[in-house]
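Worksheet: one structure, shown below.
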Amino acid sequence: MARLRHALHWLLLMLPLWLGVSAIVLRLVPRNLAAALMASAASAMVLAVFAVAARIDRGWLARRLDQQAAFEDSATLLFAADEGLSPLAQLQRARLQARVAAAPSLRIENPWRWRPLLIAWGLGLLLIAVARFGFAPVPVDTATPVPVTRPARQHSMVELTGLRLTIVPPAYTGLSERSQSEADARVPEHSRLHWRLALRPDPTSASLVFHDGTRLPLKLENGHWDGTREIERSSLYRLEIDSRLSLKSDPLRRIDVIPDQPPRIQVLAPERSLSIATAGQTEWQLKFEASDDYGLGSAELQIRHATGSGEAISIAERSEAVPGSGDGRSRRYTRTLNLAALGFVQGDDLIVRLRVSDQRTPRAQSTLSANYILRWPDQPASEAAGVEGLVEKVLPAYFRSQRQIIIDSEALLAERAELKPDRFAERADLIGVDQRVLRLRYGQFLGEETDEGTGADGDHHSEASAHSADPPPATAVDTTQSVLEQYGHTHDDAEAATLLDAETRKLLKAALDEMWQAELALRQGNPRAALPFEYRALGYIKQVQQASRIYLARVGLELPPVDPARRLTGDATGLRNRGDPAQAAKPGDAAPDELWRALEGDDAKQLAAALAAARRWAAEVESELPDALGFLAALDTLERDPNCAECKLALRRLLWPLLPQPPAAAHLRATIDASGRAYLRALTPGNEQPPSRSDAP
Amino acid sequence: MTAALWTASVFALIVIIASARLWRQARLRGRGIGTRLALLSLQAGSALLLYLVLFPPAQRAPSPALTVLTADAALPAGDARVILLPESPASLSGPRYPDLATALRAHPGSTHISVRGSGLALRDLDAARDLHLEFEPTALPRGLVELHLPARLRAGARWQLAGQVAGVAGAAIEVLDPASRRAVLGHVDADGHFTLTLTAPIAGRALYAVRILDADAAVVEELSLPLLIEPAQSVRVLLVEGGIGPENKYLKRWALDAGIDLTTQLSLRPGARLLAKTPKLDAASLSGFDLVVLDERAFFALDAGVRTTLLAAVEDGLGVLLRVTGPLAEAQRRQLGQLGFAVTDAEIARAVTLEGGSPTVGLNRRPLEVSSPDGLALLRSSAGDSLALWRAHGTGRVALWWLADSYRLVLGGESGTHGALWSMAVTTLARARAAQRPQLANGHPRVDERQSVCGLASDTQIVGPAGNATPLLRDPDARNCAAWWPERSGWHRLADGSAEWYVRERAEAPGLATHARRLATLELASMAPAPGAAGTLPVPGSPWPWFAAWLVVVSLSWWLERRRQMSF
C-alpha cells in the first residue's frame, strides 16, 4: 500500500512535466520524431516510477520504524531470522514485539508532499501554455487547426494502394481504350491519359508533377484521386502530395510516346525518275503504294506540265485527288494520264508527284513522293550552229541584243514608207528605249550607276530626294546597308569598277559611247543616223565577248589594301607583332564531364552540385540526347538516394555516350634517374671532348 | 663458429688437460710407458669418437625426384614420390602440404623436383629457386590467357591492347565500353594473338570489358578491363618555323586543343616574325621548354652560336624535332650529320600512307634516305619505310622528320590520327621530367595474392575500395618496395594519390593467372641448376656405429686403467 502510494506520488510529480515538455517538442520537431521522443520519455518515466516503488522495501520499513523513538533503532531486528541472533538481540526483539503488539496502528507511509506536486503541476501547465501560444505558427486570431491537434492516424506515411491508368488513344488511330495498373506506359501520341489513384490515408491534395515542371492536380472523388491529361511527348512524372505528409515511396514513372509515323510511299511505276516518252505514246501509267501506321487520309497527285524551251518555259500546275484501293493502312493508287488530253507535245516535260496524308489530329502529316518526269525530247535545235545562236539562247530575254536593235532599226527603215511619221517616231523611240536598257546593262560592268526602271527616263537625283522627303518608317532590320538604300544613292560600285581589266574596260566604254549616240538618234526618230553607231557598238561588244578572261566577283577573303608606295621596297617600318591569334578550342559542355568525375569521387556535396548541373544541361539539350528520359530518371534516382552504388553505375552507363572525346594529349616521360643520366651522357660522342658539365663521366 | 667447431675445441682442451693429468698420475703409480701411451691414445680416440657420435659425417645418398602437383595436375603414373600443393585438384589423394618449402623440409635432400600442372604459385617460386626443376605444363585453359596494355594511359591518346587467346579457333575479341557498347572488334591470328587499337576516353576511371567470342559469335569468356586514364600534362613546346603553312597551322591547332603550352615563332620574311610570348633561344629560356619543333628553314637560319646552345640544351634533356620540308644543300647535310643523321637524296616515290593510318589519305614525304646508326623510327609508312627517326643525344632526344604534309590527315577527316601522330611524337621526344610513379610488379593484381609495389617515395597507405587503409612499409634497400595482400576487389589507390590499381576477384580471368604461373615456372625451369653429380645428395650419417666404437674404446681404456687396481 505504501509502495503504491509512493509510486503514485512520483507519477503525479512527473506527469505534468512530461506533458509540458511533450507539448513543446511537438511544436518544434517533426511529428514522427516528436512521437518517438515522447514515447521514450514516457517509458523512461514508467521505469523511474517502478524504480522508485522498488525502494519501498523492508530496509525502508525498518528505517521508517526507527524514526519512532519506541523502536530504539532496533526495527531491523523484527525482520531478522531467529537463528544467529545473540541472546541480547533476542531479548531486544522480544521487547519490541511486545511494544508493537501493544501499540496502536502505525502510519508509516511517506506523507504526501504537496509543495513539489504543486510546483510540478504549475510548471507543466506553464509549459503547455507556452507550447500552445508561444510557438504558435499561425496568427492567434485565425481559427485554423494547429497541426498538433491533427489525429495521430494521419502522421503515418501515405501509401499508394491502387492505381488505374486509362489510356484513350486519339480517335483516328482506331485503337481501343485500355487500362492498366502499372504507372509506366507506352502510349500513342496525343493519347488522353486518365489516372485514378487510391491513397491511404487521403492527403489534402495530390498532383502529378512532370519532368518539364508542369503539374496535373488530382481531384478527390468518391475516395479516388482523378486526373486527365493529353500526352504529346515522352515524359517522366511523379506523384506528389501536400508537403506536410510524405509518401511511402514515390519513384519516377515514365510515359513513352509512340510517335505517329508519316505515311510511306513506294512508287511502283514508273521505275525511273526520268522517263523518255516513246514515239506514239498516248498515256502514262502511274502506280503508287502508300502505307501508314494508323490510317491513310487523302492522296493528291500533283502534275506540272512544262512547255517551251530556253527562257520561254511556262509551267502549268494542277493537282487532282487520286482514289486508292485497299484498306485504311495500306493503299494502292493507280492513275493513267492521257497525254493528249494534257496537251503534251514534243519538247514538253510532265512532272508528277504524289502527296499522301494520314489522319493524325490535330494536324495531319503528309509525305511527298519524289518527282517523276516524263520527257518528250525537243527536236535538236537547228539554229544552234554558231556561237551567236547559243548566245541568243542563253541571254536573258528581257532586253534586246545589239544585233536585234540593228535588225529592228533596219526593219523600221524598210517600213518607213507605209508608216505615219508619228508612228514611225514612236517605234524609233521604242527601239531607243531598248538601246538604253542595253546600255545600262553593259554599264553595270563598268560600275556606272544603274536604273532598273526601263521606261522611266528622268533625273533620279530628284527621285532620290523625293524618297528622302517621305522616308518610310524605319523597320527593325535597319542595317547600314538598308539605311544607305533608303536615303542614299549609290553612284557606282567599286566592286564592278575593278571587275574588268583596262583593255576590256576601254572597249566597253567605247561600246557604251556608241550606244549613247545610237540612243540619241533613235529617240530623235532618226534610225538611219543611229545605224552606224549601232553597228560600231555591236563590233565593240563582239570584241569584248572574245576577251579570253572570265572575271568573278570576290567573296570571303578581305585583304587589306596594298600600299603601292611601299610595295616591294623592303621598308618594314611601322610593322607590329600582332602575336599568334590562335586560341584553344572550347571543350564541349562541361556538365557531363564534371558529373563523370563526381561519380567517381566520394564527395557528396560535389556530386549533388554535379547532378544539379547535369539536370539543367540535360533539360537544355533534351531533344539531342538519345535517351534523355532515361538519363533524367537516373539522375533523379541518384539525387534521391546519393549512396546507391547501383544507381551510380547505371548513371555512369547512361552518361558514358554523352561524354566528349578529348583530343589526343601528349605526356611527359618519367624523370631519368642518376644512373640512366650517366649512361646516356656516356653514350654521347661529343663527351670524348672535355665535358661541358662537371658531373659528366 | 659453428657448434661442431666449439665442441671440437672443448674436446681438444679437455683431452690436453686430461692427458697431462693422466700422464702425471700414471707416472706416480709407476705405470709402464707402453701403458701410459696406450691410455693417452685411447683417451684421444674416445674424444674423437664422441665428437663423431655428436656430429656424424654426412653420407652421399642418391636423391629421389619429387613430383609436385599444382593446379590442374593429374596423378602421374608409376611410383614417383608425389606431393600435393594446395592448388592441386581436391580429387587427388596424397600427402598435401601448405606450400613447397614445407614439402621440401619434409623431404630433406630433395634437389630435383618435377612440377606437373599449370605451374608454381608466386608463393612457391622462391622455395624452388635453387632446385633442379622440370616442368611439364598442362594445356592452357580455353579463353584469354594474356592481356597487355600500357602502364599509363592519357586522355584522348591512342593505345594498343594486345593479348593471346588459347583454345578458341577463329576467335574474335570485342572490347565493350562502360556503356556496354562495342568499342572495337578484332580477330586473333593463327597463334591466337591479337592487337587492338583503342582511343582513351576522358580522364578518370573507366571499366571496359573484354569479350572473347568463338567462331559462332558465342561468348567464351568475358572479363573486366579496368582503365585508369590520366589527364593531359602540360608539355612546353616551342614551335619555330621559317614560314607559315598548313602543316604548322594544323600542328598549332592540335597542340592548343590538346592542352600543350605552346610558344610560336613564325617567320614571315627576313626581319618579320610572328611571335607569341616572345621566346629567346638562349640556354635559360630553352631550359623552360620540353620540346622545340623547327623546320629546316628556321634551323639553318639560326646563328651558329644559337645552334650550339640548342644542342647543349638537348644534351641537358631538351627534345628537338627538325622537320625537313625542302631540298638540302651540301653544307646543311653536314650540319644534319653533326646531329647524327646521314641524309642523302633518293629516287623514291613521294606518296606514302601511314602505318596504322587510313589508306585513303595519301601523304607526301621528302625523297630522302636518312640513316643513323643509333636512330630509331619515330614514324613509319605502311610500306615500312621510316618517315622520321630519333636518337638520344645526351639526356635529350633529337628527331628528324621528313613527312611533308601530316595536315592532310585532318583535311581527309582523320584528325584523330593526326592528333595521335603528334601526341606520340611529342611524348617520345619531350624532356623527361614527370615524377617517377610507384609501380606494381604484377600486371593483373588479384585478391589474396601478394602485391609488391616499388618506387614508393615515402611510407604511405593503400586505400581499398571500401575506404579501408593498409599501411605500406617500404624497404629503402630494395628499390623502395613494399607489399600487401588485397582483401577486396576494386580500385586501390595510394593515400598520397600517386598511383591507383584495380584488383581483380580471385576467380576472375583464370586464364591470365594460369598463364602467368606457367610463364614464371617455365622461366624458373630454364634457369634451374643442372642436376647434382649422379643425382646424389649428402644426408646426415647415423651416429650409432660411432657410438659403439666409442663404447669399445672407453671400455678398453677403463679396463686398462683399472686393471692393476682391481688386482689389489
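Chain identifiers are assigned as A, B, and so on, following the order in which chains appear in the C-alpha cells; residues are numbered from 1 within each chain, and ligands are numbered from 1 in order of appearance.
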
What are the residues of chain A that have an atom within 9 Å of an atom of chain B, counting only C-alpha atoms, as JSON, numbers by chain? {"A": [572, 575, 576, 577, 578, 579, 580, 581, 582, 583, 584, 585, 586, 587, 593, 596, 597, 600, 650, 652, 653, 654, 655, 656, 657, 659, 660, 661, 662, 663, 664, 665, 666, 667, 668, 669, 670, 671, 672, 676, 677, 678, 679, 680, 681, 682, 683, 684, 685, 686, 687, 692]}

Write the residues you've just listed into a file as a compact mmCIF listing (two decimals), in the first residue's frame, and include N, CA and C atoms for each of them.
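Contents of the output file selection-v3.txt:
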```txt
# COMPACT_ATOMS: atom_id res chain seq x y z
N ALA A 572 60.16 48.16 -93.75
CA ALA A 572 59.36 47.46 -92.74
C ALA A 572 59.05 48.33 -91.55
N LEU A 575 55.85 48.13 -88.71
CA LEU A 575 55.26 46.79 -88.59
C LEU A 575 55.19 46.43 -87.11
N ARG A 576 54.09 45.83 -86.71
CA ARG A 576 53.94 45.43 -85.31
C ARG A 576 53.74 43.93 -85.24
N ASN A 577 54.23 43.35 -84.17
CA ASN A 577 53.96 41.93 -83.95
C ASN A 577 52.57 41.82 -83.37
N ARG A 578 51.70 41.13 -84.10
CA ARG A 578 50.34 41.01 -83.57
C ARG A 578 50.15 39.69 -82.83
N GLY A 579 51.28 39.03 -82.55
CA GLY A 579 51.19 37.80 -81.77
C GLY A 579 50.54 36.70 -82.56
N ASP A 580 50.31 35.61 -81.89
CA ASP A 580 49.67 34.47 -82.55
C ASP A 580 48.22 34.45 -82.11
N PRO A 581 47.29 34.70 -82.99
CA PRO A 581 45.90 34.80 -82.54
C PRO A 581 45.23 33.46 -82.25
N ALA A 582 45.94 32.35 -82.49
CA ALA A 582 45.28 31.06 -82.33
C ALA A 582 44.91 30.82 -80.86
N GLN A 583 43.73 30.30 -80.65
CA GLN A 583 43.24 30.01 -79.30
C GLN A 583 42.84 28.54 -79.24
N ALA A 584 42.92 27.99 -78.05
CA ALA A 584 42.48 26.60 -77.88
C ALA A 584 40.97 26.52 -78.09
N ALA A 585 40.54 25.43 -78.72
CA ALA A 585 39.12 25.25 -78.96
C ALA A 585 38.41 25.07 -77.63
N LYS A 586 37.20 25.58 -77.56
CA LYS A 586 36.43 25.42 -76.32
C LYS A 586 35.99 23.96 -76.21
N PRO A 587 36.23 23.35 -75.07
CA PRO A 587 35.72 22.00 -74.94
C PRO A 587 34.19 22.03 -74.91
N ASP A 593 31.06 15.96 -68.18
CA ASP A 593 32.43 15.69 -67.76
C ASP A 593 32.54 15.77 -66.24
N TRP A 596 30.82 12.94 -64.48
CA TRP A 596 31.60 11.69 -64.57
C TRP A 596 32.65 11.65 -63.48
N ARG A 597 33.31 12.78 -63.28
CA ARG A 597 34.34 12.84 -62.25
C ARG A 597 33.71 12.75 -60.86
N GLU A 600 32.85 9.37 -59.60
CA GLU A 600 33.98 8.57 -59.18
C GLU A 600 34.36 8.86 -57.74
N ALA A 650 24.49 2.68 -62.95
CA ALA A 650 23.53 2.83 -64.04
C ALA A 650 23.67 4.20 -64.69
N ARG A 652 26.35 6.03 -64.72
CA ARG A 652 27.61 6.07 -65.47
C ARG A 652 27.45 5.45 -66.84
N ARG A 653 26.69 4.37 -66.89
CA ARG A 653 26.45 3.72 -68.19
C ARG A 653 25.73 4.67 -69.15
N LEU A 654 24.75 5.39 -68.62
CA LEU A 654 23.97 6.29 -69.47
C LEU A 654 24.79 7.52 -69.83
N LEU A 655 25.67 7.91 -68.92
CA LEU A 655 26.45 9.13 -69.12
C LEU A 655 27.56 8.91 -70.13
N TRP A 656 28.07 7.71 -70.16
CA TRP A 656 29.25 7.43 -70.98
C TRP A 656 29.11 7.92 -72.42
N PRO A 657 28.00 7.57 -73.12
CA PRO A 657 27.92 8.00 -74.53
C PRO A 657 27.84 9.52 -74.69
N LEU A 659 29.73 11.69 -73.10
CA LEU A 659 30.98 12.35 -72.77
C LEU A 659 31.70 12.78 -74.04
N PRO A 660 32.34 13.94 -74.01
CA PRO A 660 33.08 14.37 -75.19
C PRO A 660 34.36 13.55 -75.34
N GLN A 661 34.79 13.39 -76.57
CA GLN A 661 36.06 12.69 -76.81
C GLN A 661 37.17 13.73 -76.76
N PRO A 662 38.09 13.62 -75.82
CA PRO A 662 39.13 14.65 -75.72
C PRO A 662 40.13 14.51 -76.87
N PRO A 663 40.82 15.60 -77.21
CA PRO A 663 41.86 15.49 -78.23
C PRO A 663 43.02 14.66 -77.69
N ALA A 664 43.76 14.07 -78.61
CA ALA A 664 44.87 13.21 -78.20
C ALA A 664 45.89 14.05 -77.44
N ALA A 665 46.11 13.72 -76.20
CA ALA A 665 47.01 14.51 -75.37
C ALA A 665 48.41 13.92 -75.42
N ALA A 666 49.40 14.76 -75.13
CA ALA A 666 50.77 14.28 -75.02
C ALA A 666 51.10 14.18 -73.54
N HIS A 667 52.12 13.43 -73.20
CA HIS A 667 52.55 13.42 -71.82
C HIS A 667 54.06 13.33 -71.74
N LEU A 668 54.53 13.49 -70.52
CA LEU A 668 55.97 13.56 -70.30
C LEU A 668 56.47 12.23 -69.80
N ARG A 669 57.67 11.89 -70.21
CA ARG A 669 58.28 10.66 -69.69
C ARG A 669 58.73 10.90 -68.26
N ALA A 670 58.86 9.81 -67.52
CA ALA A 670 59.30 9.95 -66.13
C ALA A 670 60.77 10.37 -66.11
N THR A 671 61.11 11.09 -65.08
CA THR A 671 62.46 11.62 -64.95
C THR A 671 63.49 10.49 -65.02
N ILE A 672 64.58 10.77 -65.71
CA ILE A 672 65.65 9.78 -65.80
C ILE A 672 66.44 9.83 -64.49
N GLY A 676 70.76 6.33 -65.13
CA GLY A 676 70.34 6.47 -66.52
C GLY A 676 70.95 7.70 -67.16
N ARG A 677 71.01 8.76 -66.39
CA ARG A 677 71.58 10.01 -66.88
C ARG A 677 73.07 9.82 -67.22
N ALA A 678 73.77 9.17 -66.32
CA ALA A 678 75.20 8.93 -66.54
C ALA A 678 75.40 8.06 -67.77
N TYR A 679 74.55 7.05 -67.91
CA TYR A 679 74.66 6.13 -69.05
C TYR A 679 74.44 6.89 -70.36
N LEU A 680 73.38 7.72 -70.39
CA LEU A 680 73.08 8.45 -71.61
C LEU A 680 74.19 9.43 -71.97
N ARG A 681 74.74 10.06 -70.95
CA ARG A 681 75.83 11.00 -71.22
C ARG A 681 77.05 10.28 -71.77
N ALA A 682 77.31 9.09 -71.24
CA ALA A 682 78.47 8.34 -71.71
C ALA A 682 78.30 7.93 -73.16
N LEU A 683 77.06 7.79 -73.60
CA LEU A 683 76.81 7.36 -74.97
C LEU A 683 77.07 8.49 -75.97
N THR A 684 76.95 9.72 -75.51
CA THR A 684 77.04 10.84 -76.44
C THR A 684 78.47 10.97 -76.95
N PRO A 685 78.67 10.97 -78.27
CA PRO A 685 80.03 11.00 -78.81
C PRO A 685 80.76 12.28 -78.42
N GLY A 686 80.04 13.38 -78.30
CA GLY A 686 80.70 14.65 -78.02
C GLY A 686 81.43 14.66 -76.69
N ASN A 687 81.10 13.70 -75.83
CA ASN A 687 81.68 13.74 -74.49
C ASN A 687 83.08 13.16 -74.43
N SER A 692 81.10 19.24 -70.82
CA SER A 692 80.57 20.57 -70.58
C SER A 692 80.07 20.71 -69.16
```

Considering only C-alpha atoms, return as a list in words whatever protein or nucleic-acid residues lie within 12 Å of Arg96 in chain B, sequence-local ones (same chain, fewer than 2 positions apart) excluded. Val68, Leu69, Thr70, Val82, Ile83, Leu84, Leu85, Pro86, Glu87, Ser88, Pro89, Ala90, Ser91, Leu92, Ser93, Gly94, Pro98, Asp99, Leu100, Thr102, Ala103, Leu104 and Ala106 of chain B

Saved selection, atoms kept: C-alpha atoms, as a PDB file, in the first residue's frame:
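Written file, out-v7.pdb:
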```
ATOM      1  CA  VAL B  68      54.984 -31.682 -57.247  1.00  0.00           C
ATOM      2  CA  LEU B  69      51.349 -31.457 -58.315  1.00  0.00           C
ATOM      3  CA  THR B  70      49.983 -27.951 -58.806  1.00  0.00           C
ATOM      4  CA  VAL B  82      54.226 -37.289 -55.129  1.00  0.00           C
ATOM      5  CA  ILE B  83      53.428 -34.253 -53.044  1.00  0.00           C
ATOM      6  CA  LEU B  84      50.330 -32.095 -53.470  1.00  0.00           C
ATOM      7  CA  LEU B  85      50.270 -28.339 -53.156  1.00  0.00           C
ATOM      8  CA  PRO B  86      47.077 -26.524 -52.104  1.00  0.00           C
ATOM      9  CA  GLU B  87      46.226 -25.563 -55.663  1.00  0.00           C
ATOM     10  CA  SER B  88      46.132 -29.155 -56.879  1.00  0.00           C
ATOM     11  CA  PRO B  89      42.704 -30.620 -57.598  1.00  0.00           C
ATOM     12  CA  ALA B  90      40.882 -31.714 -54.461  1.00  0.00           C
ATOM     13  CA  SER B  91      40.060 -35.070 -56.023  1.00  0.00           C
ATOM     14  CA  LEU B  92      43.683 -36.207 -55.893  1.00  0.00           C
ATOM     15  CA  SER B  93      44.899 -38.120 -52.902  1.00  0.00           C
ATOM     16  CA  GLY B  94      48.366 -37.946 -51.487  1.00  0.00           C
ATOM     17  CA  PRO B  98      50.609 -25.890 -47.398  1.00  0.00           C
ATOM     18  CA  ASP B  99      53.485 -24.813 -49.615  1.00  0.00           C
ATOM     19  CA  LEU B 100      56.537 -26.112 -51.405  1.00  0.00           C
ATOM     20  CA  THR B 102      57.218 -27.158 -46.138  1.00  0.00           C
ATOM     21  CA  ALA B 103      57.169 -30.090 -48.505  1.00  0.00           C
ATOM     22  CA  LEU B 104      60.905 -29.777 -49.105  1.00  0.00           C
ATOM     23  CA  ALA B 106      59.565 -32.835 -45.016  1.00  0.00           C
TER      24      ALA B 106
END
```

Just list the residues in range 203-452 of chain B DSSP gives strand (DSSP E or B) on the backbone, as a PyMOL selection string. chain B and resi 204-213+219-230+236-241+261-269+272-275+291-295+319-323+342-345+351-352+354+363-365+368-371+376-381+386-393+396-401+403+434+439-440+446+451-452

Name the residues of range 284-497 of chain B that come out as helix (DSSP H, G or I) in a backbone DSSP run; write them as a PyMOL selection string. chain B and resi 284-286+296-301+304-315+330-338+407-411+415-429

Near Ala520 in chain B, within 9 Å and counting only C-alpha atoms, which residues show up once chain neighbours fewer than 6 positions away are dropped, as a PyMOL selection string? chain B and resi 119-122+125

Residues within 9 Å of Ala183 in chain A, please, as a VMD selection string. Count only C-alpha atoms; anything in the same chain fewer than 3 positions from it doesn't count. chain A and resid 163 to 165 180 195 253 to 255

Next, dump the selected residues to file, keeping only C-alpha atoms, as an mmCIF file, in the first residue's frame.
```cif
data_model
loop_
_atom_site.group_PDB
_atom_site.id
_atom_site.type_symbol
_atom_site.label_atom_id
_atom_site.label_comp_id
_atom_site.auth_asym_id
_atom_site.auth_seq_id
_atom_site.Cartn_x
_atom_site.Cartn_y
_atom_site.Cartn_z
ATOM 1 C CA LEU A 163 -3.589 2.796 -59.491
ATOM 2 C CA ARG A 164 -5.533 2.593 -62.681
ATOM 3 C CA LEU A 165 -4.172 4.267 -65.745
ATOM 4 C CA GLN A 180 -3.513 -0.857 -66.750
ATOM 5 C CA TRP A 195 -5.114 8.437 -63.703
ATOM 6 C CA ARG A 253 7.350 6.933 -63.572
ATOM 7 C CA ARG A 254 7.838 7.038 -67.284
ATOM 8 C CA ILE A 255 5.423 7.566 -70.141
#
```

To one decimal place, how far is CA of Arg36 in chain B from CA of Leu5 in chain B in Å? 28.4 Å

Atom pair CA of Arg523 in chain A / CA of Asp429 in chain A: separation (Å):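 Pair CA of Arg523 in chain A / CA of Asp429 in chain A returns 4.6 Å.
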
Hey, can you check how far CA of Gly362 in chain B sits from CA of Leu251 in chain B?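 CA of Gly362 in chain B sits 17.8 Å away from CA of Leu251 in chain B.
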
Shell of 9 Å around range 324-327 of chain A, only C-alpha atoms, local chain residues under 4 positions omitted, as a PyMOL selection string: chain A and resi 289+295-296+298-299+331-334

Residues as selected, N, CA and C atoms, written as a PDB file, in the first residue's frame, can you do that?
```pdb
ATOM      1  N   GLU A 289       2.143   3.065-104.038  1.00  0.00           N
ATOM      2  CA  GLU A 289       1.627   2.317-102.893  1.00  0.00           C
ATOM      3  C   GLU A 289       1.990   3.110-101.653  1.00  0.00           C
ATOM      4  N   GLY A 295      -3.622   4.982 -90.365  1.00  0.00           N
ATOM      5  CA  GLY A 295      -4.649   5.075 -91.382  1.00  0.00           C
ATOM      6  C   GLY A 295      -4.310   6.189 -92.343  1.00  0.00           C
ATOM      7  N   LEU A 296      -4.571   5.947 -93.605  1.00  0.00           N
ATOM      8  CA  LEU A 296      -4.216   6.926 -94.622  1.00  0.00           C
ATOM      9  C   LEU A 296      -5.351   7.909 -94.819  1.00  0.00           C
ATOM     10  N   SER A 298      -6.216  11.471 -97.409  1.00  0.00           N
ATOM     11  CA  SER A 298      -6.410  11.693 -98.832  1.00  0.00           C
ATOM     12  C   SER A 298      -5.078  11.618 -99.555  1.00  0.00           C
ATOM     13  N   ALA A 299      -5.170  11.374-100.846  1.00  0.00           N
ATOM     14  CA  ALA A 299      -3.971  11.367-101.681  1.00  0.00           C
ATOM     15  C   ALA A 299      -4.205  12.315-102.838  1.00  0.00           C
ATOM     16  N   ARG A 331      -2.619   1.381 -99.048  1.00  0.00           N
ATOM     17  CA  ARG A 331      -3.447   1.584-100.234  1.00  0.00           C
ATOM     18  C   ARG A 331      -2.589   1.615-101.467  1.00  0.00           C
ATOM     19  N   ARG A 332      -3.242   1.334-102.609  1.00  0.00           N
ATOM     20  CA  ARG A 332      -2.538   1.387-103.877  1.00  0.00           C
ATOM     21  C   ARG A 332      -3.267   2.401-104.752  1.00  0.00           C
ATOM     22  N   TYR A 333      -2.496   3.280-105.346  1.00  0.00           N
ATOM     23  CA  TYR A 333      -3.078   4.336-106.172  1.00  0.00           C
ATOM     24  C   TYR A 333      -2.620   4.122-107.596  1.00  0.00           C
ATOM     25  N   THR A 334      -3.565   4.089-108.502  1.00  0.00           N
ATOM     26  CA  THR A 334      -3.242   3.912-109.915  1.00  0.00           C
ATOM     27  C   THR A 334      -3.871   5.056-110.689  1.00  0.00           C
TER      28      THR A 334
END
```
